[in-house]
Amino acid sequence: MKKLLLTLALVSALTVTGCSNNTEKPADNNAKTEQKTENKSEEKAAIKEMKGADLEAIEQDKKKKETVLVVDVRSKDEYDQGHVKWAINMPIDTFEQEVSKLDAYKDKAVITICNSGKKSQKAAEVLVNNGFKDVTNAEGVKKFEYKLVKFANILPADLVKASEDTNNVIVDVRDKKDYDKGHIKNAISMPLDEADARLSEIPTDKPVYTYCYSGNKSGQLAQKLVERGNKDVFNSLDGTKEHDYELVK
């Protein structure tokens, strides 16, 4: 009887131990899986580097320039003196506080630029820290001979805001038929092929905002205005084919 009781006790102990081991293993595995998932989600994108020649090639290509957003983080004064063709301006001093303005571009390639590459590197770090996945720091404007322009590039929200102020001149550079179907509030129509003959219709003493389908034709008009002597000229990078503007007739 004693032998039987001893045998039953041993069997019971082994059974409890076995069950305990089996329930612990899945818990450990689940914890490891959760930890790996958490670590993976916390991984930040690596910041890439770009030579000036490569950025210049993108800036001069109408199709390639649509695939990136270039952000010049120098001061407004430096930007106004000349910047790469399609860059917007977000000075490094306030970049981190204003980075949310770029949330719509998180899935797009973003290129930062400054004079030497130092400030733009800081901006690139802010971007990856905020979840941007494709970030590149380009060679600075004092290290490569870019073809610089002086009209400012702006984001859609800036154009919409500008259209609310009747002191601003809003110019739609698309075809007249598309203007008639719907245009931004308070905009006048001036297709690019009519611009040279009608340039005098645009005042020189008021801020001028241009837009078109994709920013290309409106950029050309913006350049004509700067060469004519206009000081405050702003071109919308995203046209009506790229942003869902509220259009009026």
# chains A, B, ... in the order shown; residues from 1 in each chain; ligands from 1
>>> residues_around(residues="Val173 (chain A)", least_positions_apart="4", cutoff="7 Å", atoms="only C-alpha atoms", output="PDB file with all heavy atoms, in the first residue's frame")
ATOM      1  N   SER A 189      -7.768  84.167 -64.432  1.00  0.00           N
ATOM      2  CA  SER A 189      -7.258  83.199 -65.400  1.00  0.00           C
ATOM      3  C   SER A 189      -6.201  83.836 -66.291  1.00  0.00           C
ATOM      4  O   SER A 189      -6.421  84.899 -66.886  1.00  0.00           O
ATOM      5  CB  SER A 189      -8.411  82.677 -66.266  1.00  0.00           C
ATOM      6  OG  SER A 189      -7.918  81.828 -67.283  1.00  0.00           O
ATOM      7  N   MET A 190      -5.040  83.167 -66.385  1.00  0.00           N
ATOM      8  CA  MET A 190      -3.978  83.613 -67.284  1.00  0.00           C
ATOM      9  C   MET A 190      -3.172  82.396 -67.748  1.00  0.00           C
ATOM     10  O   MET A 190      -2.122  82.074 -67.182  1.00  0.00           O
ATOM     11  CB  MET A 190      -3.050  84.639 -66.628  1.00  0.00           C
ATOM     12  CG  MET A 190      -2.046  85.257 -67.604  1.00  0.00           C
ATOM     13  SD  MET A 190      -1.018  86.557 -66.858  1.00  0.00           S
ATOM     14  CE  MET A 190      -2.235  87.856 -66.614  1.00  0.00           C
ATOM     15  N   PRO A 191      -3.663  81.713 -68.783  1.00  0.00           N
ATOM     16  CA  PRO A 191      -2.917  80.564 -69.316  1.00  0.00           C
ATOM     17  C   PRO A 191      -1.499  80.974 -69.692  1.00  0.00           C
ATOM     18  O   PRO A 191      -1.262  82.116 -70.116  1.00  0.00           O
ATOM     19  CB  PRO A 191      -3.739  80.159 -70.540  1.00  0.00           C
ATOM     20  CG  PRO A 191      -5.128  80.637 -70.225  1.00  0.00           C
ATOM     21  CD  PRO A 191      -4.926  81.931 -69.493  1.00  0.00           C
ATOM     22  N   LEU A 192      -0.565  80.069 -69.555  1.00  0.00           N
ATOM     23  CA  LEU A 192       0.842  80.397 -69.767  1.00  0.00           C
ATOM     24  C   LEU A 192       1.106  80.961 -71.159  1.00  0.00           C
ATOM     25  O   LEU A 192       1.920  81.878 -71.313  1.00  0.00           O
ATOM     26  CB  LEU A 192       1.711  79.158 -69.535  1.00  0.00           C
ATOM     27  CG  LEU A 192       3.217  79.389 -69.577  1.00  0.00           C
ATOM     28  CD1 LEU A 192       3.652  80.359 -68.482  1.00  0.00           C
ATOM     29  CD2 LEU A 192       3.979  78.073 -69.440  1.00  0.00           C
ATOM     30  N   THR A 210       0.715  81.928 -57.762  1.00  0.00           N
ATOM     31  CA  THR A 210       0.411  81.220 -58.998  1.00  0.00           C
ATOM     32  C   THR A 210       0.161  79.734 -58.733  1.00  0.00           C
ATOM     33  O   THR A 210       0.745  79.143 -57.832  1.00  0.00           O
ATOM     34  CB  THR A 210       1.564  81.353 -60.008  1.00  0.00           C
ATOM     35  OG1 THR A 210       2.753  80.773 -59.440  1.00  0.00           O
ATOM     36  CG2 THR A 210       1.833  82.809 -60.340  1.00  0.00           C
ATOM     37  N   TYR A 211      -0.706  79.143 -59.547  1.00  0.00           N
ATOM     38  CA  TYR A 211      -0.938  77.695 -59.461  1.00  0.00           C
ATOM     39  C   TYR A 211      -1.417  77.180 -60.814  1.00  0.00           C
ATOM     40  O   TYR A 211      -1.908  77.948 -61.658  1.00  0.00           O
ATOM     41  CB  TYR A 211      -1.960  77.361 -58.367  1.00  0.00           C
ATOM     42  CG  TYR A 211      -3.400  77.677 -58.722  1.00  0.00           C
ATOM     43  CD1 TYR A 211      -4.232  76.701 -59.279  1.00  0.00           C
ATOM     44  CD2 TYR A 211      -3.933  78.946 -58.502  1.00  0.00           C
ATOM     45  CE1 TYR A 211      -5.558  76.981 -59.601  1.00  0.00           C
ATOM     46  CE2 TYR A 211      -5.251  79.230 -58.820  1.00  0.00           C
ATOM     47  CZ  TYR A 211      -6.063  78.251 -59.373  1.00  0.00           C
ATOM     48  OH  TYR A 211      -7.368  78.536 -59.701  1.00  0.00           O
ATOM     49  N   CYS A 212      -1.264  75.875 -61.030  1.00  0.00           N
ATOM     50  CA  CYS A 212      -1.733  75.250 -62.270  1.00  0.00           C
ATOM     51  C   CYS A 212      -2.141  73.810 -61.950  1.00  0.00           C
ATOM     52  O   CYS A 212      -2.759  73.554 -60.928  1.00  0.00           O
ATOM     53  CB  CYS A 212      -0.676  75.332 -63.368  1.00  0.00           C
ATOM     54  SG  CYS A 212       0.861  74.435 -62.992  1.00  0.00           S
ATOM     55  N   LYS A 217       3.859  74.841 -64.946  1.00  0.00           N
ATOM     56  CA  LYS A 217       3.539  76.041 -65.730  1.00  0.00           C
ATOM     57  C   LYS A 217       3.439  77.268 -64.838  1.00  0.00           C
ATOM     58  O   LYS A 217       3.884  78.363 -65.212  1.00  0.00           O
ATOM     59  CB  LYS A 217       2.238  75.835 -66.502  1.00  0.00           C
ATOM     60  CG  LYS A 217       2.352  74.870 -67.673  1.00  0.00           C
ATOM     61  CD  LYS A 217       1.051  74.790 -68.461  1.00  0.00           C
ATOM     62  CE  LYS A 217       1.208  73.886 -69.664  1.00  0.00           C
ATOM     63  NZ  LYS A 217      -0.059  73.801 -70.457  1.00  0.00           N
ATOM     64  N   SER A 218       2.870  77.090 -63.661  1.00  0.00           N
ATOM     65  CA  SER A 218       2.758  78.229 -62.744  1.00  0.00           C
ATOM     66  C   SER A 218       4.140  78.673 -62.275  1.00  0.00           C
ATOM     67  O   SER A 218       4.374  79.854 -62.011  1.00  0.00           O
ATOM     68  CB  SER A 218       1.866  77.874 -61.556  1.00  0.00           C
ATOM     69  OG  SER A 218       2.305  76.693 -60.915  1.00  0.00           O
TER      70      SER A 218
END
>>> select_by_dssp(residues="region 23-224 of chain A", states="strand (DSSP E or B)", output="number ranges by chain")
A: 48-50, 68-72, 83-84, 88-89, 109-113, 135-138, 148-149, 152-154, 169-172, 183, 187-189, 208-211
>>> write_last_selection(atoms="N, CA, C and O atoms", output="compact mmCIF listing (two decimals), in the first residue's frame")
# COMPACT_ATOMS: atom_id res chain seq x y z
N LYS A 48 19.70 59.30 -45.67
CA LYS A 48 20.58 59.12 -46.82
C LYS A 48 21.26 60.44 -47.18
O LYS A 48 20.86 61.51 -46.71
N GLU A 49 22.29 60.34 -47.99
CA GLU A 49 23.02 61.53 -48.45
C GLU A 49 22.84 61.65 -49.97
O GLU A 49 22.71 60.66 -50.68
N MET A 50 22.85 62.89 -50.47
CA MET A 50 22.67 63.12 -51.91
C MET A 50 23.65 64.18 -52.41
O MET A 50 23.80 65.25 -51.80
N VAL A 68 9.43 64.00 -55.17
CA VAL A 68 10.11 64.40 -53.93
C VAL A 68 9.58 65.74 -53.42
O VAL A 68 8.95 66.50 -54.16
N LEU A 69 9.84 65.99 -52.15
CA LEU A 69 9.59 67.31 -51.57
C LEU A 69 10.93 67.80 -51.04
O LEU A 69 11.55 67.16 -50.20
N VAL A 70 11.37 68.95 -51.53
CA VAL A 70 12.65 69.52 -51.10
C VAL A 70 12.37 70.64 -50.10
O VAL A 70 11.56 71.54 -50.36
N VAL A 71 13.05 70.58 -48.96
CA VAL A 71 12.84 71.56 -47.89
C VAL A 71 14.14 72.28 -47.59
O VAL A 71 15.12 71.69 -47.15
N ASP A 72 14.15 73.58 -47.85
CA ASP A 72 15.30 74.44 -47.57
C ASP A 72 15.13 74.97 -46.15
O ASP A 72 14.17 75.68 -45.85
N HIS A 83 17.28 79.91 -54.18
CA HIS A 83 17.17 78.55 -53.65
C HIS A 83 16.98 77.58 -54.81
O HIS A 83 16.66 77.98 -55.94
N VAL A 84 17.15 76.28 -54.54
CA VAL A 84 16.95 75.30 -55.60
C VAL A 84 15.50 75.39 -56.06
O VAL A 84 14.59 75.70 -55.29
N ILE A 88 10.65 74.33 -50.80
CA ILE A 88 9.89 75.21 -49.91
C ILE A 88 10.83 75.65 -48.81
O ILE A 88 11.92 75.08 -48.64
N ASN A 89 10.44 76.66 -48.05
CA ASN A 89 11.29 77.17 -46.98
C ASN A 89 10.69 76.90 -45.61
O ASN A 89 9.56 77.30 -45.32
N ALA A 109 9.26 60.91 -50.64
CA ALA A 109 10.68 61.18 -50.39
C ALA A 109 10.85 62.65 -50.06
O ALA A 109 10.39 63.52 -50.79
N VAL A 110 11.51 62.93 -48.93
CA VAL A 110 11.75 64.31 -48.51
C VAL A 110 13.26 64.56 -48.49
O VAL A 110 14.03 63.78 -47.93
N ILE A 111 13.66 65.66 -49.11
CA ILE A 111 15.08 66.03 -49.20
C ILE A 111 15.29 67.35 -48.47
O ILE A 111 14.59 68.33 -48.74
N THR A 112 16.23 67.38 -47.56
CA THR A 112 16.54 68.62 -46.83
C THR A 112 17.81 69.24 -47.40
O THR A 112 18.71 68.54 -47.87
N ILE A 113 17.87 70.57 -47.31
CA ILE A 113 19.05 71.27 -47.85
C ILE A 113 19.27 72.57 -47.09
O ILE A 113 18.32 73.18 -46.58
N VAL A 135 14.07 59.85 -46.09
CA VAL A 135 14.65 61.17 -45.83
C VAL A 135 16.09 61.23 -46.33
O VAL A 135 16.90 60.35 -46.04
N THR A 136 16.40 62.29 -47.07
CA THR A 136 17.74 62.46 -47.63
C THR A 136 18.25 63.86 -47.34
O THR A 136 17.50 64.84 -47.47
N ASN A 137 19.51 63.97 -46.98
CA ASN A 137 20.15 65.26 -46.76
C ASN A 137 21.03 65.56 -47.97
O ASN A 137 21.94 64.80 -48.29
N ALA A 138 20.75 66.67 -48.64
CA ALA A 138 21.47 67.00 -49.88
C ALA A 138 22.66 67.91 -49.64
O ALA A 138 22.74 68.63 -48.64
N LEU A 148 19.76 78.44 -59.13
CA LEU A 148 18.85 78.97 -58.12
C LEU A 148 17.78 79.87 -58.72
O LEU A 148 17.98 80.51 -59.74
N VAL A 149 16.63 79.92 -58.05
CA VAL A 149 15.53 80.80 -58.44
C VAL A 149 15.13 81.64 -57.24
O VAL A 149 15.53 81.36 -56.11
N ALA A 152 9.14 82.05 -54.49
CA ALA A 152 8.96 81.12 -53.37
C ALA A 152 7.99 80.01 -53.73
O ALA A 152 7.01 80.24 -54.44
N ASN A 153 8.25 78.81 -53.23
CA ASN A 153 7.33 77.69 -53.39
C ASN A 153 6.56 77.50 -52.09
O ASN A 153 7.13 77.62 -51.00
N ILE A 154 5.27 77.20 -52.22
CA ILE A 154 4.43 77.05 -51.03
C ILE A 154 3.61 75.76 -51.11
O ILE A 154 3.46 75.17 -52.18
N VAL A 169 -2.92 88.69 -55.25
CA VAL A 169 -3.33 88.38 -56.61
C VAL A 169 -3.12 86.88 -56.82
O VAL A 169 -2.00 86.39 -56.75
N ILE A 170 -4.21 86.16 -57.09
CA ILE A 170 -4.15 84.71 -57.30
C ILE A 170 -4.30 84.46 -58.79
O ILE A 170 -5.29 84.88 -59.41
N VAL A 171 -3.34 83.78 -59.40
CA VAL A 171 -3.34 83.57 -60.85
C VAL A 171 -3.42 82.09 -61.18
O VAL A 171 -2.55 81.30 -60.79
N ASP A 172 -4.45 81.72 -61.92
CA ASP A 172 -4.64 80.35 -62.40
C ASP A 172 -4.01 80.24 -63.78
O ASP A 172 -4.44 80.90 -64.73
N HIS A 183 -12.20 76.94 -60.14
CA HIS A 183 -10.90 77.52 -59.80
C HIS A 183 -10.88 77.94 -58.34
O HIS A 183 -11.91 77.96 -57.66
N ALA A 187 -9.31 83.79 -57.84
CA ALA A 187 -8.24 83.65 -58.85
C ALA A 187 -8.66 84.24 -60.19
O ALA A 187 -9.83 84.18 -60.58
N ILE A 188 -7.68 84.80 -60.90
CA ILE A 188 -7.91 85.25 -62.27
C ILE A 188 -7.29 84.21 -63.21
O ILE A 188 -6.42 83.45 -62.81
N SER A 189 -7.77 84.17 -64.43
CA SER A 189 -7.26 83.20 -65.40
C SER A 189 -6.20 83.84 -66.29
O SER A 189 -6.42 84.90 -66.89
N VAL A 208 1.84 88.00 -55.32
CA VAL A 208 1.21 87.22 -56.38
C VAL A 208 1.39 85.74 -56.10
O VAL A 208 2.51 85.28 -55.80
N TYR A 209 0.30 84.98 -56.22
CA TYR A 209 0.31 83.53 -55.99
C TYR A 209 -0.12 82.83 -57.28
O TYR A 209 -1.19 83.12 -57.82
N THR A 210 0.71 81.93 -57.76
CA THR A 210 0.41 81.22 -59.00
C THR A 210 0.16 79.73 -58.73
O THR A 210 0.75 79.14 -57.83
N TYR A 211 -0.71 79.14 -59.55
CA TYR A 211 -0.94 77.70 -59.46
C TYR A 211 -1.42 77.18 -60.81
O TYR A 211 -1.91 77.95 -61.66
>>> residues_around(residues="region 124-128 of chain A", least_positions_apart="2", cutoff="9 Å", atoms="only C-alpha atoms", output="PDB file with N, CA and C atoms, in the first residue's frame")
ATOM      1  N   LYS A  44      13.905  53.596 -36.659  1.00  0.00           N
ATOM      2  CA  LYS A  44      13.841  54.836 -37.426  1.00  0.00           C
ATOM      3  C   LYS A  44      14.538  54.655 -38.767  1.00  0.00           C
ATOM      4  N   ALA A  45      14.055  55.379 -39.750  1.00  0.00           N
ATOM      5  CA  ALA A  45      14.649  55.297 -41.083  1.00  0.00           C
ATOM      6  C   ALA A  45      16.063  55.872 -41.054  1.00  0.00           C
ATOM      7  N   ALA A  46      16.918  55.317 -41.873  1.00  0.00           N
ATOM      8  CA  ALA A  46      18.286  55.835 -41.986  1.00  0.00           C
ATOM      9  C   ALA A  46      18.271  57.065 -42.893  1.00  0.00           C
ATOM     10  N   ILE A  47      19.029  58.078 -42.522  1.00  0.00           N
ATOM     11  CA  ILE A  47      19.110  59.297 -43.333  1.00  0.00           C
ATOM     12  C   ILE A  47      20.136  59.090 -44.449  1.00  0.00           C
ATOM     13  N   PHE A  95      11.745  74.646 -37.235  1.00  0.00           N
ATOM     14  CA  PHE A  95      11.415  73.446 -38.001  1.00  0.00           C
ATOM     15  C   PHE A  95      10.698  72.391 -37.166  1.00  0.00           C
ATOM     16  N   GLU A  96      11.224  72.109 -36.001  1.00  0.00           N
ATOM     17  CA  GLU A  96      10.638  71.049 -35.181  1.00  0.00           C
ATOM     18  C   GLU A  96       9.210  71.388 -34.753  1.00  0.00           C
ATOM     19  N   VAL A  99       6.966  70.927 -38.039  1.00  0.00           N
ATOM     20  CA  VAL A  99       7.128  69.740 -38.870  1.00  0.00           C
ATOM     21  C   VAL A  99       5.796  69.070 -39.201  1.00  0.00           C
ATOM     22  N   LYS A 106       4.532  62.182 -45.486  1.00  0.00           N
ATOM     23  CA  LYS A 106       5.266  61.140 -44.770  1.00  0.00           C
ATOM     24  C   LYS A 106       5.597  59.941 -45.641  1.00  0.00           C
ATOM     25  N   VAL A 110      11.513  62.929 -48.935  1.00  0.00           N
ATOM     26  CA  VAL A 110      11.754  64.312 -48.510  1.00  0.00           C
ATOM     27  C   VAL A 110      13.259  64.560 -48.492  1.00  0.00           C
ATOM     28  N   ILE A 111      13.665  65.659 -49.112  1.00  0.00           N
ATOM     29  CA  ILE A 111      15.080  66.026 -49.197  1.00  0.00           C
ATOM     30  C   ILE A 111      15.294  67.347 -48.474  1.00  0.00           C
ATOM     31  N   THR A 112      16.232  67.384 -47.556  1.00  0.00           N
ATOM     32  CA  THR A 112      16.538  68.618 -46.835  1.00  0.00           C
ATOM     33  C   THR A 112      17.810  69.238 -47.396  1.00  0.00           C
ATOM     34  N   LYS A 119      22.686  72.154 -40.893  1.00  0.00           N
ATOM     35  CA  LYS A 119      21.322  72.440 -40.438  1.00  0.00           C
ATOM     36  C   LYS A 119      20.327  71.476 -41.073  1.00  0.00           C
ATOM     37  N   SER A 120      20.574  71.146 -42.330  1.00  0.00           N
ATOM     38  CA  SER A 120      19.653  70.222 -43.008  1.00  0.00           C
ATOM     39  C   SER A 120      19.763  68.817 -42.421  1.00  0.00           C
ATOM     40  N   GLN A 121      20.917  68.463 -41.881  1.00  0.00           N
ATOM     41  CA  GLN A 121      21.073  67.168 -41.199  1.00  0.00           C
ATOM     42  C   GLN A 121      20.205  67.140 -39.939  1.00  0.00           C
ATOM     43  N   LYS A 122      20.192  68.250 -39.221  1.00  0.00           N
ATOM     44  CA  LYS A 122      19.352  68.344 -38.017  1.00  0.00           C
ATOM     45  C   LYS A 122      17.875  68.215 -38.393  1.00  0.00           C
ATOM     46  N   ASN A 130      10.001  61.804 -36.392  1.00  0.00           N
ATOM     47  CA  ASN A 130       8.561  61.997 -36.484  1.00  0.00           C
ATOM     48  C   ASN A 130       7.899  61.032 -37.465  1.00  0.00           C
ATOM     49  N   GLY A 131       8.629  59.974 -37.816  1.00  0.00           N
ATOM     50  CA  GLY A 131       8.012  58.908 -38.596  1.00  0.00           C
ATOM     51  C   GLY A 131       8.168  58.972 -40.103  1.00  0.00           C
ATOM     52  N   PHE A 132       8.945  59.911 -40.616  1.00  0.00           N
ATOM     53  CA  PHE A 132       9.182  59.965 -42.059  1.00  0.00           C
ATOM     54  C   PHE A 132      10.128  58.827 -42.442  1.00  0.00           C
ATOM     55  N   LYS A 133       9.815  58.126 -43.513  1.00  0.00           N
ATOM     56  CA  LYS A 133      10.526  56.896 -43.865  1.00  0.00           C
ATOM     57  C   LYS A 133      11.596  57.064 -44.939  1.00  0.00           C
ATOM     58  N   ASP A 134      11.472  58.102 -45.770  1.00  0.00           N
ATOM     59  CA  ASP A 134      12.411  58.282 -46.887  1.00  0.00           C
ATOM     60  C   ASP A 134      12.984  59.694 -46.821  1.00  0.00           C
ATOM     61  N   VAL A 135      14.074  59.848 -46.092  1.00  0.00           N
ATOM     62  CA  VAL A 135      14.649  61.174 -45.830  1.00  0.00           C
ATOM     63  C   VAL A 135      16.092  61.231 -46.325  1.00  0.00           C
ATOM     64  N   THR A 136      16.397  62.287 -47.070  1.00  0.00           N
ATOM     65  CA  THR A 136      17.735  62.458 -47.627  1.00  0.00           C
ATOM     66  C   THR A 136      18.246  63.863 -47.341  1.00  0.00           C
ATOM     67  N   ASN A 137      19.507  63.966 -46.976  1.00  0.00           N
ATOM     68  CA  ASN A 137      20.151  65.262 -46.759  1.00  0.00           C
ATOM     69  C   ASN A 137      21.034  65.559 -47.967  1.00  0.00           C
TER      70      ASN A 137
END
>>> closest_residue(among="A:Gly239, A:Ala104, A:Asn167, A:Ile184", to="Lys206 (chain A)", atoms="only C-alpha atoms")
A:Asn167
>>> select_by_dssp(residues="region 4-225 of chain A", states="alpha helix (DSSP H)", output="VMD selection string")
chain A and resid 4 to 41 52 to 59 76 to 81 92 to 98 118 to 129 156 to 163 176 to 181 195 to 198 216 to 225
>>> closest_atom_pairs(of="region 31-115 of chain A", to="region 222-228 of chain A", cutoff="12 Å", atoms="only C-alpha atoms", output="CSV")
residue,atom,partner,partner_atom,distance
A:Asp80,CA,A:Val226,CA,11.3
A:Gln81,CA,A:Val226,CA,11.8
A:Gly82,CA,A:Val226,CA,11.5
A:Lys85,CA,A:Gln223,CA,10.0
A:Trp86,CA,A:Ala222,CA,11.7
>>> closest_residue(among="A:Glu164, A:Asp93, A:Glu59, A:Glu201", to="Asn186 (chain A)", atoms="only C-alpha atoms")
A:Glu164
>>> closest_residue(among="A:Thr204, A:Gly229, A:Asp178, A:Ala157", to="Leu102 (chain A)", atoms="only C-alpha atoms")
A:Ala157
>>> closest_residue(among="A:Leu247, A:Leu221, A:Met90, A:Leu55", to="Leu155 (chain A)", atoms="only C-alpha atoms")
A:Met90
